[in-house]
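Heads up, coords.pdb below (PDB, C-alpha atoms):
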```pdb
ATOM      1  CA  MET A  21     149.852-122.502 -77.172  1.00  0.00           C
ATOM      2  CA  ARG A  22     149.232-125.932 -75.682  1.00  0.00           C
ATOM      3  CA  GLN A  23     145.607-127.082 -75.580  1.00  0.00           C
ATOM      4  CA  ALA A  24     145.682-127.605 -71.818  1.00  0.00           C
ATOM      5  CA  ASP A  25     146.925-124.060 -71.218  1.00  0.00           C
ATOM      6  CA  ALA A  26     144.261-122.677 -73.550  1.00  0.00           C
ATOM      7  CA  VAL A  27     141.550-124.461 -71.542  1.00  0.00           C
ATOM      8  CA  THR A  28     143.087-123.167 -68.303  1.00  0.00           C
ATOM      9  CA  LEU A  29     142.976-119.606 -69.620  1.00  0.00           C
ATOM     10  CA  LEU A  30     139.383-120.127 -70.748  1.00  0.00           C
ATOM     11  CA  GLY A  31     138.619-121.070 -67.155  1.00  0.00           C
ATOM     12  CA  ALA A  32     140.240-117.833 -65.991  1.00  0.00           C
ATOM     13  CA  PHE A  33     138.130-115.904 -68.503  1.00  0.00           C
ATOM     14  CA  THR A  34     134.957-117.633 -67.310  1.00  0.00           C
ATOM     15  CA  GLY A  35     135.881-116.899 -63.693  1.00  0.00           C
ATOM     16  CA  SER A  36     136.366-113.252 -64.613  1.00  0.00           C
ATOM     17  CA  LEU A  37     132.907-113.187 -66.179  1.00  0.00           C
ATOM     18  CA  ALA A  38     131.569-114.679 -62.950  1.00  0.00           C
ATOM     19  CA  LEU A  39     133.173-111.869 -60.978  1.00  0.00           C
ATOM     20  CA  ALA A  40     131.685-109.271 -63.336  1.00  0.00           C
ATOM     21  CA  ALA A  41     128.223-110.862 -62.985  1.00  0.00           C
ATOM     22  CA  GLY A  42     128.524-110.778 -59.202  1.00  0.00           C
ATOM     23  CA  VAL A  43     129.544-107.128 -59.137  1.00  0.00           C
ATOM     24  CA  TYR A  44     126.639-106.328 -61.470  1.00  0.00           C
ATOM     25  CA  GLY A  45     124.306-107.988 -58.972  1.00  0.00           C
ATOM     26  CA  ASP A  46     123.474-111.314 -60.639  1.00  0.00           C
ATOM     27  CA  LEU A  47     124.978-113.650 -58.048  1.00  0.00           C
ATOM     28  CA  TRP A  48     123.243-116.754 -59.359  1.00  0.00           C
ATOM     29  CA  LEU A  49     124.705-116.206 -62.825  1.00  0.00           C
ATOM     30  CA  ALA A  50     128.089-115.715 -61.160  1.00  0.00           C
ATOM     31  CA  VAL A  51     127.756-119.070 -59.383  1.00  0.00           C
ATOM     32  CA  ARG A  52     126.766-120.838 -62.605  1.00  0.00           C
ATOM     33  CA  LEU A  53     129.763-119.390 -64.421  1.00  0.00           C
ATOM     34  CA  LEU A  54     132.071-120.487 -61.618  1.00  0.00           C
ATOM     35  CA  PHE A  55     130.864-124.073 -61.880  1.00  0.00           C
ATOM     36  CA  ILE A  56     131.571-123.922 -65.606  1.00  0.00           C
ATOM     37  CA  ALA A  57     135.070-122.670 -64.747  1.00  0.00           C
ATOM     38  CA  TYR A  58     135.485-125.648 -62.392  1.00  0.00           C
ATOM     39  CA  THR A  59     134.460-127.975 -65.225  1.00  0.00           C
ATOM     40  CA  LEU A  60     137.158-126.440 -67.408  1.00  0.00           C
ATOM     41  CA  ASP A  61     139.641-126.917 -64.566  1.00  0.00           C
ATOM     42  CA  VAL A  62     138.952-130.652 -64.616  1.00  0.00           C
ATOM     43  CA  LEU A  63     139.208-130.786 -68.409  1.00  0.00           C
ATOM     44  CA  ASP A  64     142.553-129.001 -68.536  1.00  0.00           C
ATOM     45  CA  GLY A  65     143.970-131.640 -66.207  1.00  0.00           C
ATOM     46  CA  VAL A  66     142.734-134.423 -68.488  1.00  0.00           C
ATOM     47  CA  ILE A  67     144.268-132.744 -71.533  1.00  0.00           C
ATOM     48  CA  ALA A  68     147.523-131.998 -69.717  1.00  0.00           C
ATOM     49  CA  ARG A  69     147.961-135.649 -68.798  1.00  0.00           C
ATOM     50  CA  ARG A  70     147.475-136.635 -72.418  1.00  0.00           C
ATOM     51  CA  GLU A  71     149.795-133.949 -73.801  1.00  0.00           C
ATOM     52  CA  GLY A  72     152.376-134.289 -71.050  1.00  0.00           C
ATOM     53  CA  ALA A  73     152.411-131.871 -68.128  1.00  0.00           C
ATOM     54  CA  THR A  74     154.787-128.906 -68.097  1.00  0.00           C
ATOM     55  CA  ARG A  75     155.972-126.755 -65.217  1.00  0.00           C
ATOM     56  CA  GLU A  76     154.543-123.640 -66.847  1.00  0.00           C
ATOM     57  CA  GLY A  77     151.155-125.274 -67.340  1.00  0.00           C
ATOM     58  CA  PHE A  78     151.158-126.551 -63.788  1.00  0.00           C
ATOM     59  CA  MET A  79     151.867-123.099 -62.341  1.00  0.00           C
ATOM     60  CA  LEU A  80     149.285-121.496 -64.627  1.00  0.00           C
ATOM     61  CA  ASP A  81     146.679-123.992 -63.451  1.00  0.00           C
ATOM     62  CA  ARG A  82     147.473-123.361 -59.791  1.00  0.00           C
ATOM     63  CA  ALA A  83     147.342-119.583 -60.247  1.00  0.00           C
ATOM     64  CA  VAL A  84     143.957-119.782 -61.997  1.00  0.00           C
ATOM     65  CA  ASP A  85     142.706-122.104 -59.242  1.00  0.00           C
ATOM     66  CA  ARG A  86     143.508-119.431 -56.674  1.00  0.00           C
ATOM     67  CA  PHE A  87     141.493-116.946 -58.692  1.00  0.00           C
ATOM     68  CA  THR A  88     138.428-119.116 -59.337  1.00  0.00           C
ATOM     69  CA  GLN A  89     138.426-121.120 -56.093  1.00  0.00           C
ATOM     70  CA  VAL A  90     139.474-118.421 -53.614  1.00  0.00           C
ATOM     71  CA  ILE A  91     139.347-114.837 -54.853  1.00  0.00           C
ATOM     72  CA  VAL A  92     136.077-114.891 -56.816  1.00  0.00           C
ATOM     73  CA  PRO A  93     134.060-116.884 -54.211  1.00  0.00           C
ATOM     74  CA  SER A  94     135.404-114.594 -51.469  1.00  0.00           C
ATOM     75  CA  ILE A  95     134.198-111.494 -53.309  1.00  0.00           C
ATOM     76  CA  LEU A  96     130.837-113.112 -54.047  1.00  0.00           C
ATOM     77  CA  LEU A  97     130.466-113.877 -50.340  1.00  0.00           C
ATOM     78  CA  LEU A  98     131.007-110.209 -49.450  1.00  0.00           C
ATOM     79  CA  LEU A  99     128.565-109.093 -52.144  1.00  0.00           C
ATOM     80  CA  TYR A 100     125.994-111.627 -50.957  1.00  0.00           C
ATOM     81  CA  GLU A 101     126.249-110.737 -47.281  1.00  0.00           C
ATOM     82  CA  ALA A 102     126.503-106.949 -47.690  1.00  0.00           C
ATOM     83  CA  PRO A 103     122.755-106.120 -47.943  1.00  0.00           C
ATOM     84  CA  GLN A 104     121.682-108.289 -44.999  1.00  0.00           C
ATOM     85  CA  THR A 105     124.540-108.294 -42.502  1.00  0.00           C
ATOM     86  CA  PRO A 106     125.200-105.868 -39.600  1.00  0.00           C
ATOM     87  CA  ARG A 107     128.459-103.957 -39.874  1.00  0.00           C
ATOM     88  CA  LEU A 108     130.299-105.803 -37.087  1.00  0.00           C
ATOM     89  CA  GLU A 109     129.389-109.226 -38.441  1.00  0.00           C
ATOM     90  CA  TYR A 110     130.270-108.076 -41.947  1.00  0.00           C
ATOM     91  CA  ALA A 111     133.717-107.124 -40.665  1.00  0.00           C
ATOM     92  CA  LEU A 112     134.146-110.778 -39.654  1.00  0.00           C
ATOM     93  CA  TYR A 113     133.302-111.878 -43.187  1.00  0.00           C
ATOM     94  CA  ALA A 114     135.772-109.335 -44.559  1.00  0.00           C
ATOM     95  CA  ALA A 115     138.525-110.537 -42.201  1.00  0.00           C
ATOM     96  CA  TYR A 116     137.787-114.134 -43.188  1.00  0.00           C
ATOM     97  CA  THR A 117     137.992-113.433 -46.913  1.00  0.00           C
ATOM     98  CA  ALA A 118     141.189-111.409 -46.521  1.00  0.00           C
ATOM     99  CA  SER A 119     142.752-114.260 -44.540  1.00  0.00           C
ATOM    100  CA  LEU A 120     141.612-116.855 -47.064  1.00  0.00           C
ATOM    101  CA  VAL A 121     143.033-114.954 -50.032  1.00  0.00           C
ATOM    102  CA  THR A 122     146.324-114.386 -48.199  1.00  0.00           C
ATOM    103  CA  LEU A 123     146.502-118.073 -47.284  1.00  0.00           C
ATOM    104  CA  GLY A 124     145.776-119.008 -50.879  1.00  0.00           C
ATOM    105  CA  PHE A 125     148.798-117.107 -52.156  1.00  0.00           C
ATOM    106  CA  TYR A 126     150.996-118.473 -49.362  1.00  0.00           C
ATOM    107  CA  ARG A 127     150.054-122.047 -50.186  1.00  0.00           C
ATOM    108  CA  LEU A 128     150.560-121.378 -53.884  1.00  0.00           C
ATOM    109  CA  VAL A 129     154.264-120.791 -53.259  1.00  0.00           C
ATOM    110  CA  TYR A 130     155.221-122.521 -50.008  1.00  0.00           C
ATOM    111  CA  ARG A 131     152.950-125.534 -49.602  1.00  0.00           C
ATOM    112  CA  ARG A 132     153.189-127.564 -52.785  1.00  0.00           C
ATOM    113  CA  VAL A 133     152.324-131.237 -52.344  1.00  0.00           C
ATOM    114  CA  GLU A 134     151.231-132.099 -55.881  1.00  0.00           C
ATOM    115  CA  SER A 135     153.413-135.201 -55.905  1.00  0.00           C
ATOM    116  CA  LEU A 136     151.850-136.621 -52.734  1.00  0.00           C
ATOM    117  CA  ASN A 137     148.639-138.552 -52.266  1.00  0.00           C
ATOM    118  CA  TYR A 138     147.298-136.133 -49.657  1.00  0.00           C
ATOM    119  CA  PHE A 139     146.516-132.467 -49.186  1.00  0.00           C
ATOM    120  CA  SER A 140     148.500-130.419 -46.675  1.00  0.00           C
ATOM    121  CA  GLY A 141     145.801-128.457 -44.885  1.00  0.00           C
ATOM    122  CA  LEU A 142     142.095-128.556 -45.656  1.00  0.00           C
ATOM    123  CA  PRO A 143     141.645-127.979 -49.418  1.00  0.00           C
ATOM    124  CA  LEU A 144     140.646-124.403 -50.227  1.00  0.00           C
ATOM    125  CA  LEU A 145     137.957-125.631 -52.601  1.00  0.00           C
ATOM    126  CA  THR A 146     135.892-126.637 -49.561  1.00  0.00           C
ATOM    127  CA  HIS A 147     135.480-122.932 -48.742  1.00  0.00           C
ATOM    128  CA  ALA A 148     134.218-122.172 -52.246  1.00  0.00           C
ATOM    129  CA  LEU A 149     131.717-125.034 -52.125  1.00  0.00           C
ATOM    130  CA  VAL A 150     130.247-123.845 -48.823  1.00  0.00           C
ATOM    131  CA  ILE A 151     130.014-120.235 -50.038  1.00  0.00           C
ATOM    132  CA  LEU A 152     128.475-121.127 -53.399  1.00  0.00           C
ATOM    133  CA  ALA A 153     126.014-123.602 -51.869  1.00  0.00           C
ATOM    134  CA  GLY A 154     124.836-120.890 -49.467  1.00  0.00           C
ATOM    135  CA  ILE A 155     124.252-118.424 -52.306  1.00  0.00           C
ATOM    136  CA  MET A 156     122.459-121.063 -54.387  1.00  0.00           C
ATOM    137  CA  ALA A 157     120.044-121.862 -51.547  1.00  0.00           C
ATOM    138  CA  LEU A 158     119.717-118.276 -50.235  1.00  0.00           C
ATOM    139  CA  LYS A 159     121.121-119.414 -46.889  1.00  0.00           C
ATOM    140  CA  ASN A 160     123.157-117.397 -44.428  1.00  0.00           C
ATOM    141  CA  VAL A 161     126.757-118.590 -44.698  1.00  0.00           C
ATOM    142  CA  SER A 162     127.805-119.328 -41.120  1.00  0.00           C
ATOM    143  CA  VAL A 163     130.736-117.236 -39.893  1.00  0.00           C
ATOM    144  CA  LEU A 164     131.623-119.920 -37.356  1.00  0.00           C
ATOM    145  CA  LEU A 165     131.761-122.612 -40.034  1.00  0.00           C
ATOM    146  CA  LEU A 166     133.922-120.445 -42.295  1.00  0.00           C
ATOM    147  CA  TYR A 167     136.438-119.730 -39.526  1.00  0.00           C
ATOM    148  CA  TYR A 168     136.472-123.412 -38.582  1.00  0.00           C
ATOM    149  CA  LEU A 169     137.395-124.275 -42.175  1.00  0.00           C
ATOM    150  CA  LEU A 170     139.952-121.468 -42.249  1.00  0.00           C
ATOM    151  CA  ALA A 171     141.670-122.807 -39.135  1.00  0.00           C
ATOM    152  CA  LEU A 172     141.930-126.285 -40.655  1.00  0.00           C
ATOM    153  CA  SER A 173     143.280-124.831 -43.893  1.00  0.00           C
ATOM    154  CA  LEU A 174     145.935-122.912 -41.964  1.00  0.00           C
ATOM    155  CA  LEU A 175     147.211-125.961 -40.097  1.00  0.00           C
ATOM    156  CA  PRO A 176     149.569-128.388 -41.906  1.00  0.00           C
ATOM    157  CA  ILE A 177     147.228-131.322 -41.334  1.00  0.00           C
ATOM    158  CA  SER A 178     147.263-134.074 -43.944  1.00  0.00           C
ATOM    159  CA  TYR A 179     143.925-134.728 -45.671  1.00  0.00           C
ATOM    160  CA  TYR A 180     142.937-137.646 -47.838  1.00  0.00           C
ATOM    161  CA  ARG A 181     143.321-137.168 -51.557  1.00  0.00           C
ATOM    162  CA  ARG A 182     142.272-139.660 -54.195  1.00  0.00           C
ATOM    163  CA  PRO A 183     145.539-141.322 -55.202  1.00  0.00           C
ATOM    164  CA  SER A 184     146.797-141.607 -58.736  1.00  0.00           C
ATOM    165  CA  SER A 185     146.906-144.977 -60.422  1.00  0.00           C
ATOM    166  CA  GLY A 186     150.190-145.548 -62.126  1.00  0.00           C
ATOM    167  CA  GLY A 187     150.728-141.816 -62.430  1.00  0.00           C
ATOM    168  CA  LYS A 188     147.512-141.422 -64.451  1.00  0.00           C
ATOM    169  CA  ARG A 189     143.959-140.979 -63.321  1.00  0.00           C
ATOM    170  CA  SER A 190     140.877-142.271 -65.080  1.00  0.00           C
ATOM    171  CA  PHE A 191     138.653-139.795 -66.885  1.00  0.00           C
ATOM    172  CA  PRO A 192     136.918-137.811 -64.107  1.00  0.00           C
ATOM    173  CA  ALA A 193     133.445-138.028 -65.601  1.00  0.00           C
ATOM    174  CA  SER A 194     131.697-137.695 -62.235  1.00  0.00           C
ATOM    175  CA  ARG A 195     133.439-134.395 -61.470  1.00  0.00           C
ATOM    176  CA  ILE A 196     132.632-132.975 -64.885  1.00  0.00           C
ATOM    177  CA  ILE A 197     128.992-134.064 -64.784  1.00  0.00           C
ATOM    178  CA  GLY A 198     128.632-132.845 -61.201  1.00  0.00           C
ATOM    179  CA  SER A 199     130.031-129.392 -61.989  1.00  0.00           C
ATOM    180  CA  LEU A 200     127.844-129.038 -65.077  1.00  0.00           C
ATOM    181  CA  LEU A 201     124.727-130.099 -63.179  1.00  0.00           C
ATOM    182  CA  LEU A 202     125.444-127.518 -60.478  1.00  0.00           C
ATOM    183  CA  ALA A 203     125.723-124.916 -63.223  1.00  0.00           C
ATOM    184  CA  VAL A 204     122.243-125.589 -64.622  1.00  0.00           C
ATOM    185  CA  ILE A 205     119.986-126.775 -61.776  1.00  0.00           C
ATOM    186  CA  PRO A 206     117.330-124.386 -60.366  1.00  0.00           C
ATOM    187  CA  TYR A 207     118.580-122.203 -57.536  1.00  0.00           C
ATOM    188  CA  GLY A 208     116.607-120.911 -54.583  1.00  0.00           C
ATOM    189  CA  GLY A 209     114.353-123.951 -54.228  1.00  0.00           C
ATOM    190  CA  LEU A 210     114.222-127.426 -52.752  1.00  0.00           C
ATOM    191  CA  ILE A 211     116.969-128.862 -54.958  1.00  0.00           C
ATOM    192  CA  ALA A 212     119.388-126.079 -54.023  1.00  0.00           C
ATOM    193  CA  GLU A 213     118.555-126.453 -50.344  1.00  0.00           C
ATOM    194  CA  LEU A 214     119.175-130.191 -50.486  1.00  0.00           C
ATOM    195  CA  ILE A 215     122.527-129.591 -52.161  1.00  0.00           C
ATOM    196  CA  TYR A 216     123.359-126.966 -49.539  1.00  0.00           C
ATOM    197  CA  TRP A 217     122.895-129.430 -46.691  1.00  0.00           C
ATOM    198  CA  LEU A 218     124.729-132.179 -48.560  1.00  0.00           C
ATOM    199  CA  VAL A 219     127.676-129.810 -49.015  1.00  0.00           C
ATOM    200  CA  ILE A 220     127.670-128.725 -45.368  1.00  0.00           C
ATOM    201  CA  VAL A 221     127.499-132.292 -44.063  1.00  0.00           C
ATOM    202  CA  GLY A 222     130.025-133.516 -46.620  1.00  0.00           C
ATOM    203  CA  VAL A 223     132.529-130.787 -45.786  1.00  0.00           C
ATOM    204  CA  LEU A 224     132.160-131.379 -42.041  1.00  0.00           C
ATOM    205  CA  VAL A 225     132.615-135.139 -42.460  1.00  0.00           C
ATOM    206  CA  TYR A 226     135.650-134.644 -44.694  1.00  0.00           C
ATOM    207  CA  SER A 227     137.179-132.063 -42.346  1.00  0.00           C
ATOM    208  CA  ILE A 228     137.342-134.779 -39.682  1.00  0.00           C
ATOM    209  CA  GLY A 229     137.296-138.056 -41.571  1.00  0.00           C
ATOM    210  CA  GLY A 230     139.733-136.964 -44.276  1.00  0.00           C
ATOM    211  CA  ALA A 231     142.421-136.373 -41.694  1.00  0.00           C
ATOM    212  CA  LEU A 232     141.674-139.615 -39.850  1.00  0.00           C
ATOM    213  CA  VAL A 233     142.019-141.685 -43.038  1.00  0.00           C
ATOM    214  CA  ILE A 234     145.501-140.291 -43.639  1.00  0.00           C
ATOM    215  CA  ARG A 235     146.596-140.859 -40.049  1.00  0.00           C
ATOM    216  CA  ARG A 236     145.535-144.490 -40.138  1.00  0.00           C
ATOM    217  CA  SER A 237     147.365-145.062 -43.417  1.00  0.00           C
ATOM    218  CA  MET A 238     150.661-143.590 -42.167  1.00  0.00           C
TER     219      MET A 238
END
```

Represent the structure of the file as structure tokens.
Amino acid sequence: MRQADAVTLLGAFTGSLALAAGVYGDLWLAVRLLFIAYTLDVLDGVIARREGATREGFMLDRAVDRFTQVIVPSILLLLYEAPQTPRLEYALYAAYTASLVTLGFYRLVYRRVESLNYFSGLPLLTHALVILAGIMALKNVSVLLLYYLLALSLLPISYYRRPSSGGKRSFPASRIIGSLLLAVIPYGGLIAELIYWLVIVGVLVYSIGGALVIRRSM
């Protein structure tokens, strides 16, 4: 087995552990494990570029991304909101998660833009970041914000993506360090709340500014 594929599968295993922790009731452990899975996702890309990417590895990576970035965060959202949310509002969360998972599989097959320097539709990872930041800070995850993000992910709008340089990207140290820090920082306090608001503001700015950057460059 190629090293990159082994790391990808380790990410899937870690994401599965996160799901198990969430079902057991330890949502903060689930979030920490997911950020470790995201670190592994970055590492498998680095290794794949060094080994030489393959179609099988690429599809494996995309499938695992749908699991760790869409399915697991969606289930954690439902588990997090269940004890505190009225039934009607909870139905909105359920409809959102069902739509997001369905969209994730659709985009996996029909909207593949890996060779382009932009995303087609708002990246699905933005949903995971908002959900996980809310759980970390013990904040109510806004239904309106989630449906706003869902609408932008449904539409084939082009969003800015950091371009490759000569077909190869530099070592993504900032992404690895950032994911690892989010896996170990204290949750439920001032640091988590600060990160929550940084994520919300960052996602809102990107949801508008990311599309504007692409339009100006076309």

Original post:
Can you tell me how far atom CA of Ala26 of chain A sits from atom CA of Val84 of chain A, in Å to one decimal?
Top reply: 11.9 Å

Original post:
What does the distance from atom CA of Ala118 of chain A to atom CA of Leu96 of chain A come to in Å, to one decimal?
Top reply: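 Atom CA of Ala118 of chain A sits 12.9 Å away from atom CA of Leu96 of chain A.
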
Subject >> Nearest to Ala115 of chain A by atom-to-atom distance, counting only C-alpha atoms, from A:Leu98, A:Ala24, A:Val62, A:Leu165 >> reply: A:Leu98

**OP:** Evaluate the PyMOL selection byres ((chain A and resi 166) around 9) here and jot the selected residues down as an MDAnalysis selection string.
**Re:** chainID A and resid 113 116 147 150:151 161:165 167:171

Subject >> Selection result of the PyMOL selection byres ((chain A and resi 146) around 12) on this file, as a count of residues only >> reply: 32

Original post:
Written as an NGL selection string, which residues does the PyMOL selection byres ((chain A and resi 47-55) around 9) give for the file shown?
Top reply: :A and (31 or 34-46 or 56-60 or 88-89 or 92-93 or 96 or 99-100 or 152-153 or 155-156 or 199-204 or 207)

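Between atom CA of Ala83 of chain A and atom CA of Leu97 of chain A the interatomic distance comes to 20.4 Å.
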
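Distances to Ile197 of chain A were evaluated for A:Leu112, A:Leu63, A:Leu128, A:Val27 using only C-alpha atoms, and the minimum falls at A:Leu63.
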
Subject >> Non-local contacts of Leu123 of chain A (8 Å; only C-alpha atoms; under 4 positions in same chain excluded) as number ranges by chain >> reply: A: 119, 127, 174

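Proximity of A:Ile215, A:Val66, A:Ala73, A:Ala114 to Ile95 of chain A, computed with only C-alpha atoms, is greatest for A:Ala114.
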
What are the centre and edge lengths in Å, to one decimal, of the axis-aligned box around all listed atoms of segment 33-51 of chain A with 6 Å added on each side, as JSON?
```
{"center_x": 130.7, "center_y": -112.7, "center_z": -63.3, "size_x": 26.9, "size_y": 24.7, "size_z": 22.5}
```
